[in-house]
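Colleague: The file below is structure.txt, compact mmCIF, C-alpha atoms:
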# COMPACT_ATOMS: atom_id res chain seq x y z
CA MET Y 1 41.29 11.27 0.40
CA SER Y 2 42.80 7.91 -0.61
CA ASP Y 3 41.37 6.33 2.59
CA LEU Y 4 37.93 7.74 1.71
CA ALA Y 5 38.20 6.48 -1.86
CA GLY Y 6 39.32 3.10 -0.61
CA THR Y 7 36.41 2.92 1.85
CA GLN Y 8 33.92 3.83 -0.88
CA GLU Y 9 35.43 1.22 -3.22
CA SER Y 10 35.12 -1.39 -0.52
CA LEU Y 11 31.52 -0.42 0.21
CA GLU Y 12 30.66 -0.48 -3.49
CA ALA Y 13 32.14 -3.95 -3.88
CA THR Y 14 30.15 -5.21 -0.92
CA LEU Y 15 27.04 -3.44 -2.18
CA LYS Y 16 27.44 -5.06 -5.59
CA ASP Y 17 27.52 -8.50 -3.97
CA GLU Y 18 24.48 -7.65 -1.83
CA ILE Y 19 22.50 -6.37 -4.83
CA ILE Y 20 23.27 -9.51 -6.81
CA ARG Y 21 22.36 -11.70 -3.85
CA MET Y 22 19.10 -9.88 -3.15
CA TYR Y 23 17.77 -9.93 -6.70
CA GLU Y 24 18.84 -13.56 -7.19
CA GLU Y 25 16.85 -14.37 -4.06
CA VAL Y 26 13.77 -12.72 -5.59
CA ALA Y 27 14.25 -14.63 -8.86
CA ASP Y 28 15.04 -17.98 -7.27
CA HIS Y 29 12.63 -17.78 -4.34
CA PRO Y 30 9.74 -15.53 -5.37
CA GLU Y 31 7.63 -17.00 -2.58
CA GLY Y 32 9.96 -15.40 -0.06
CA GLU Y 33 9.23 -12.33 2.04
CA PHE Y 34 10.99 -9.13 1.12
CA HIS Y 35 10.83 -5.51 2.22
CA PHE Y 36 9.37 -4.61 -1.13
CA TYR Y 37 6.55 -5.86 -3.34
CA HIS Y 38 7.68 -8.03 -6.20
CA GLY Y 39 6.39 -10.24 -8.97
CA ARG Y 40 2.89 -9.91 -10.36
CA GLU Y 41 1.67 -8.28 -7.16
CA ALA Y 42 4.11 -5.41 -7.67
CA ALA Y 43 3.38 -5.13 -11.38
CA ASP Y 44 -0.36 -4.97 -10.64
CA LEU Y 45 0.31 -2.35 -7.95
CA PHE Y 46 2.12 -0.19 -10.51
CA GLU Y 47 -0.65 -0.70 -13.06
CA TYR Y 48 1.13 -2.79 -15.65
CA PRO Y 49 -1.73 -3.86 -17.95
CA ALA Y 50 -2.88 -7.41 -17.28
CA GLU Y 51 -2.47 -8.29 -20.95
CA TRP Y 52 1.26 -7.48 -20.73
CA LEU Y 53 1.68 -9.68 -17.67
CA ASP Y 54 -0.29 -12.50 -19.28
CA ARG Y 55 1.80 -12.26 -22.46
CA ALA Y 56 5.23 -12.05 -20.77
CA PRO Y 57 7.03 -15.23 -19.67
CA PRO Y 58 6.03 -16.18 -16.12
CA GLY Y 59 9.69 -16.30 -15.09
CA ALA Y 60 10.11 -12.63 -16.02
CA VAL Y 61 6.93 -11.58 -14.22
CA VAL Y 62 7.58 -13.48 -11.01
CA SER Y 63 11.08 -11.93 -10.74
CA PHE Y 64 9.89 -8.35 -11.25
CA ALA Y 65 11.21 -6.04 -8.53
CA GLY Y 66 10.58 -2.56 -9.86
CA VAL Y 67 9.18 0.47 -8.05
CA GLY Y 68 6.88 1.81 -10.74
CA ASN Y 69 6.12 1.67 -14.45
CA PRO Y 70 8.66 3.42 -16.73
CA HIS Y 71 6.58 2.62 -19.82
CA VAL Y 72 3.86 5.09 -18.86
CA ARG Y 73 5.94 7.98 -20.19
CA SER Y 74 8.60 6.23 -22.27
CA ARG Y 75 6.89 6.68 -25.69
CA ALA Y 76 8.96 3.83 -27.17
CA GLN Y 77 8.44 3.79 -30.94
CA PRO Y 78 8.90 1.14 -33.64
CA GLY Y 79 12.48 0.98 -34.84
CA GLU Y 80 14.01 2.64 -31.79
CA THR Y 81 16.96 1.41 -29.75
CA VAL Y 82 16.17 1.12 -26.05
CA LEU Y 83 18.57 0.57 -23.16
CA ASP Y 84 17.22 -0.95 -19.94
CA LEU Y 85 19.61 -0.20 -17.08
CA GLY Y 86 19.41 -2.91 -14.47
CA SER Y 87 17.41 -5.20 -16.74
CA GLY Y 88 17.14 -8.06 -14.24
CA ALA Y 89 15.03 -10.97 -15.46
CA GLY Y 90 13.86 -8.88 -18.40
CA LEU Y 91 10.23 -7.90 -17.90
CA ASP Y 92 10.66 -4.20 -18.76
CA ALA Y 93 13.06 -4.97 -21.62
CA ILE Y 94 10.59 -7.46 -23.10
CA ILE Y 95 7.76 -4.93 -22.88
CA ALA Y 96 9.99 -2.37 -24.61
CA SER Y 97 10.78 -4.91 -27.35
CA TRP Y 98 7.07 -5.18 -28.15
CA ALA Y 99 6.93 -1.42 -28.63
CA VAL Y 100 10.04 -1.09 -30.84
CA GLY Y 101 9.22 -4.18 -32.87
CA PRO Y 102 11.54 -6.24 -35.08
CA ALA Y 103 13.12 -3.13 -36.59
CA GLY Y 104 14.11 -1.92 -33.13
CA ARG Y 105 16.71 -3.05 -30.69
CA VAL Y 106 16.61 -3.56 -26.93
CA ILE Y 107 19.77 -3.74 -24.88
CA GLY Y 108 19.89 -4.74 -21.24
CA VAL Y 109 22.72 -4.04 -18.83
CA ASP Y 110 22.90 -5.83 -15.50
CA LEU Y 111 25.50 -6.42 -12.79
CA ASN Y 112 24.68 -10.12 -12.80
CA PRO Y 113 25.61 -12.18 -15.87
CA GLY Y 114 23.21 -14.89 -14.67
CA MET Y 115 20.35 -12.40 -14.83
CA CYS Y 116 21.42 -11.42 -18.33
CA ARG Y 117 21.16 -15.03 -19.43
CA LYS Y 118 17.72 -15.34 -17.80
CA ALA Y 119 16.50 -12.14 -19.46
CA GLN Y 120 17.68 -13.31 -22.86
CA ALA Y 121 16.02 -16.70 -22.37
CA HIS Y 122 12.76 -15.03 -21.32
CA ALA Y 123 12.88 -12.73 -24.35
CA ALA Y 124 13.47 -15.70 -26.65
CA LEU Y 125 10.30 -17.32 -25.31
CA THR Y 126 8.34 -14.35 -26.66
CA GLY Y 127 10.08 -14.53 -30.03
CA THR Y 128 12.07 -11.35 -29.45
CA ARG Y 129 15.80 -10.86 -29.28
CA LEU Y 130 17.34 -9.11 -26.33
CA GLU Y 131 21.01 -8.21 -26.10
CA CYS Y 132 22.22 -8.17 -22.53
CA HIS Y 133 25.61 -7.10 -21.27
CA GLU Y 134 27.09 -7.59 -17.84
CA GLY Y 135 28.11 -4.20 -16.57
CA ARG Y 136 27.67 -1.30 -14.19
CA MET Y 137 25.42 1.70 -14.70
CA GLU Y 138 28.40 3.87 -13.75
CA GLN Y 139 30.29 2.48 -16.74
CA ILE Y 140 27.71 1.47 -19.35
CA PRO Y 141 29.33 -0.97 -21.81
CA LEU Y 142 28.10 0.85 -24.91
CA PRO Y 143 29.66 3.38 -27.28
CA ASP Y 144 28.55 7.00 -27.34
CA ALA Y 145 25.23 8.09 -28.86
CA GLN Y 146 23.79 4.65 -29.51
CA VAL Y 147 20.40 4.77 -27.86
CA ASP Y 148 17.09 6.54 -28.46
CA LEU Y 149 15.62 5.77 -25.06
CA VAL Y 150 16.95 4.75 -21.66
CA ILE Y 151 14.59 3.11 -19.19
CA SER Y 152 15.32 1.99 -15.67
CA ASN Y 153 13.19 0.76 -12.80
CA GLY Y 154 14.34 1.07 -9.23
CA VAL Y 155 18.08 0.62 -9.70
CA ILE Y 156 19.76 4.02 -9.81
CA ASN Y 157 19.01 4.56 -6.13
CA LEU Y 158 21.39 1.66 -5.45
CA SER Y 159 24.38 3.58 -6.80
CA PHE Y 160 26.69 5.68 -4.63
CA ARG Y 161 27.64 7.61 -7.76
CA LYS Y 162 24.40 8.85 -9.24
CA ARG Y 163 26.03 11.76 -11.05
CA LYS Y 164 28.25 9.28 -12.90
CA VAL Y 165 25.20 7.16 -13.78
CA PHE Y 166 23.45 10.19 -15.30
CA GLU Y 167 26.60 11.19 -17.17
CA GLU Y 168 26.75 7.71 -18.65
CA MET Y 169 23.08 7.79 -19.61
CA PHE Y 170 23.67 11.13 -21.32
CA ARG Y 171 26.72 9.78 -23.13
CA VAL Y 172 25.04 6.72 -24.61
CA LEU Y 173 21.91 8.62 -25.66
CA LYS Y 174 21.79 10.02 -29.17
CA PRO Y 175 21.35 13.79 -29.35
CA GLY Y 176 17.61 14.25 -29.02
CA GLY Y 177 17.29 10.96 -27.13
CA ARG Y 178 15.36 10.64 -23.91
CA MET Y 179 15.10 8.76 -20.65
CA SER Y 180 12.15 7.47 -18.66
CA ILE Y 181 13.06 6.09 -15.27
CA VAL Y 182 11.34 5.27 -12.03
CA ASP Y 183 13.27 5.31 -8.81
CA ILE Y 184 13.33 5.82 -5.10
CA VAL Y 185 14.25 9.17 -3.65
CA SER Y 186 14.37 10.42 -0.09
CA ALA Y 187 13.57 13.90 1.12
CA LYS Y 188 16.06 13.61 3.97
CA GLN Y 189 19.72 12.61 4.10
CA LEU Y 190 19.99 8.96 5.09
CA SER Y 191 21.85 8.25 8.29
CA GLN Y 192 25.48 7.20 8.01
CA SER Y 193 24.61 3.81 9.51
CA ILE Y 194 22.33 3.14 6.55
CA VAL Y 195 24.82 4.49 4.02
CA ASN Y 196 27.56 2.27 5.46
CA ASP Y 197 25.43 -0.88 5.59
CA PRO Y 198 25.16 -2.48 2.12
CA LYS Y 199 22.26 -4.69 3.25
CA LEU Y 200 20.21 -1.69 4.36
CA TRP Y 201 21.25 0.36 1.31
CA ALA Y 202 20.30 -2.45 -1.10
CA SER Y 203 16.92 -2.99 0.53
CA MET O 1 18.06 13.63 -8.82
CA PHE O 2 16.22 16.43 -10.61
CA ARG O 3 19.12 18.84 -10.10
CA LEU O 4 21.70 16.22 -11.00
CA LEU O 5 19.95 15.52 -14.28
CA GLU O 6 19.99 19.19 -15.24
CA GLU O 7 23.63 19.59 -14.21
CA THR O 8 24.49 16.61 -16.41
CA GLY O 9 22.98 18.40 -19.41
CA PHE O 10 19.54 16.89 -19.64
CA ARG O 11 16.69 19.24 -20.50
CA ARG O 12 12.90 19.11 -20.12
CA VAL O 13 13.26 17.25 -16.85
CA ARG O 14 9.85 16.22 -15.55
CA SER O 15 8.91 14.27 -12.45
CA ALA O 16 5.81 12.75 -10.92
CA VAL O 17 5.30 10.75 -7.75
CA VAL O 18 4.33 7.10 -8.15
CA PRO O 19 1.18 7.27 -6.06
CA ARG O 20 0.85 3.60 -5.20
CA PHE O 21 4.45 2.90 -4.23
CA ARG O 22 4.95 1.55 -0.75
CA PHE O 23 7.12 -1.04 0.96
CA ARG O 24 5.60 -4.39 1.76
CA LYS O 25 6.72 -4.57 5.37
CA ALA O 26 5.00 -2.11 7.67
CA SER O 27 8.16 -1.45 9.66
CA THR O 28 10.06 -0.62 6.48
CA GLN O 29 7.25 1.61 5.24
CA ASN O 30 7.22 3.45 8.58
CA SER O 31 10.96 4.04 8.37
CA ALA O 32 10.65 5.11 4.76
CA GLU O 33 7.99 7.66 5.64
CA ALA O 34 10.26 9.09 8.34
CA TYR O 35 12.87 9.79 5.67
CA GLY O 36 10.34 11.00 3.12
CA VAL O 37 11.12 8.09 0.83
CA LYS O 38 8.95 7.82 -2.26
CA ALA O 39 9.11 6.56 -5.82
CA VAL O 40 9.15 9.07 -8.63
CA MET O 41 8.91 8.85 -12.41
CA LEU O 42 11.50 11.01 -14.16
CA THR O 43 11.70 11.86 -17.83
CA ALA O 44 14.28 14.03 -19.53
CA GLU O 45 15.84 14.65 -22.92
CA ARG O 46 19.36 14.99 -24.22
CA PRO O 47 19.40 18.18 -26.30
CA ALA O 48 19.35 17.60 -30.02
CA ALA O 49 22.13 20.09 -30.69
CA PRO O 50 25.30 20.81 -28.68
CA GLY O 51 24.50 23.33 -25.96
CA GLY O 52 20.85 23.22 -26.90
Would you write the structure of this file as structure tokens?
Modeller:
Amino acid sequence: MSDLAGTQESLEATLKDEIIRMYEEVADHPEGEFHFYHGREAADLFEYPAEWLDRAPPGAVVSFAGVGNPHVRSRAQPGETVLDLGSGAGLDAIIASWAVGPAGRVIGVDLNPGMCRKAQAHAALTGTRLECHEGRMEQIPLPDAQVDLVISNGVINLSFRKRKVFEEMFRVLKPGGRMSIVDIVSAKQLSQSIVNDPKLWAS
Amino acid sequence: MFRLLEETGFRRVRSAVVPRFRFRKASTQNSAEAYGVKAVMLTAERPAAPGG
């Protein structure tokens, strides 16, 4: 059991590095070729309204690497507190901030402190304030029952411990709070070679 | 994920496939289809009252 736990820890550490590397590559070299759509092309594909993408800072749009649009069903309301898990360069968090307005609060959590700084800088360009904390979705750096709405876009699939991620989402939500996430699922069990390869898992 | 959400305590779990999701590279998309990989939207609520 301790060998298995140690192996998983080692894989998670490597996966963390690979995730950070991959998303930094998207942000720093958006002209690059990736397995997935990204940037404005991806946002258009997932039907983000053009007026959102025109209003958001270009740096946030070009770094977008989501797999859908969590705002379609999020029902974010003025004054609410929203948590964006895996906030990246901040596009979804910024969009949420427009919905909750100045009386609301948007909190990002990301593995990469550099991404947090970028997201906050992008938010500031739109005149909104975004809090961003470095952290893991398996250990969300927030107290219990703080949040009205959790959004996430294509990040939970990267975790080996999805049950823990959902437990943490539940914990930080207020009673009566809700989540609206978009993510990748597979109908079949992935092969062990994929599970054990952080590069394949992250992509 | 649906089952995990309910086991965690979430209620009113709803899902819908993201119809336009696909990978950019054809080889990746082909592999994804072999595993039935797709993107889904999930919404759920934490009950308002304990055990609700």
Colleague: Show me as a PDB file with C-alpha atoms, in the frame of the given file the residues that reach within 8 Å of (6.5, -0.1, -19.2), counting only C-alpha atoms and using the file's own coordinates.
Modeller:
ATOM      1  CA  TYR Y  48       1.130  -2.790 -15.650  1.00  0.00           C
ATOM      2  CA  ASN Y  69       6.120   1.670 -14.450  1.00  0.00           C
ATOM      3  CA  PRO Y  70       8.660   3.420 -16.730  1.00  0.00           C
ATOM      4  CA  HIS Y  71       6.580   2.620 -19.820  1.00  0.00           C
ATOM      5  CA  VAL Y  72       3.860   5.090 -18.860  1.00  0.00           C
ATOM      6  CA  SER Y  74       8.600   6.230 -22.270  1.00  0.00           C
ATOM      7  CA  ASP Y  92      10.660  -4.200 -18.760  1.00  0.00           C
ATOM      8  CA  ILE Y  95       7.760  -4.930 -22.880  1.00  0.00           C
ATOM      9  CA  ALA Y  96       9.990  -2.370 -24.610  1.00  0.00           C
TER      10      ALA Y  96
END
Colleague: Could you please determine the separation between CA of Asp17 in chain Y and CA of Lys38 in chain O in Å, to one decimal place?
Modeller: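 Atom-to-atom, CA of Asp17 in chain Y and CA of Lys38 in chain O are spaced 24.8 Å apart.
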Colleague: Residues of chain O within 7 Å of chain Y, counting only C-alpha atoms - could you list those as an MDAnalysis selection string?
Modeller: chainID O and resid 4:5 8 18 20:21 23:25 28 35:49
Colleague: Name all residues at most 7 Å from Leu130 in chain Y (count all atoms listed in the file; drop same-chain ones fewer than 4 positions away) and give them as a PyMOL selection string.
Modeller: chain Y and resi 106-107+120+123
Colleague: So which residues fall inside 8 Å of (10.1, 4.7, -28.3) if we count all atoms listed in the file? Mind giving them as a list in words?
Modeller: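 The distance filter leaves exactly Ser74, Arg75, Ala76, Gln77, Pro78, Gly79, Glu80, Thr81, Val82, Ala96, Ala99, Val100, Asp148 and Leu149 of chain Y.
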Colleague: Near Leu53 in chain Y, counting all atoms listed in the file, which residues have an atom at most 9 Å away, once you skip same-chain residues fewer than 3 positions from it, shown as an MDAnalysis selection string?
Modeller: chainID Y and resid 40 43:44 48:50 56:58 61 91
Colleague: Find the distance between CA of Lys16 in chain Y and CA of Ala65 in chain Y and write it in Å to one decimal.
Modeller: 16.5 Å
Colleague: Looking at only C-alpha atoms, which of Y:Val155, Y:Ile19, Y:Ala121, Y:Ala103 is the one that sits closest to Ser87 in chain Y?
Modeller: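 The shortest atom-to-atom distance to Ser87 in chain Y comes from Y:Val155.
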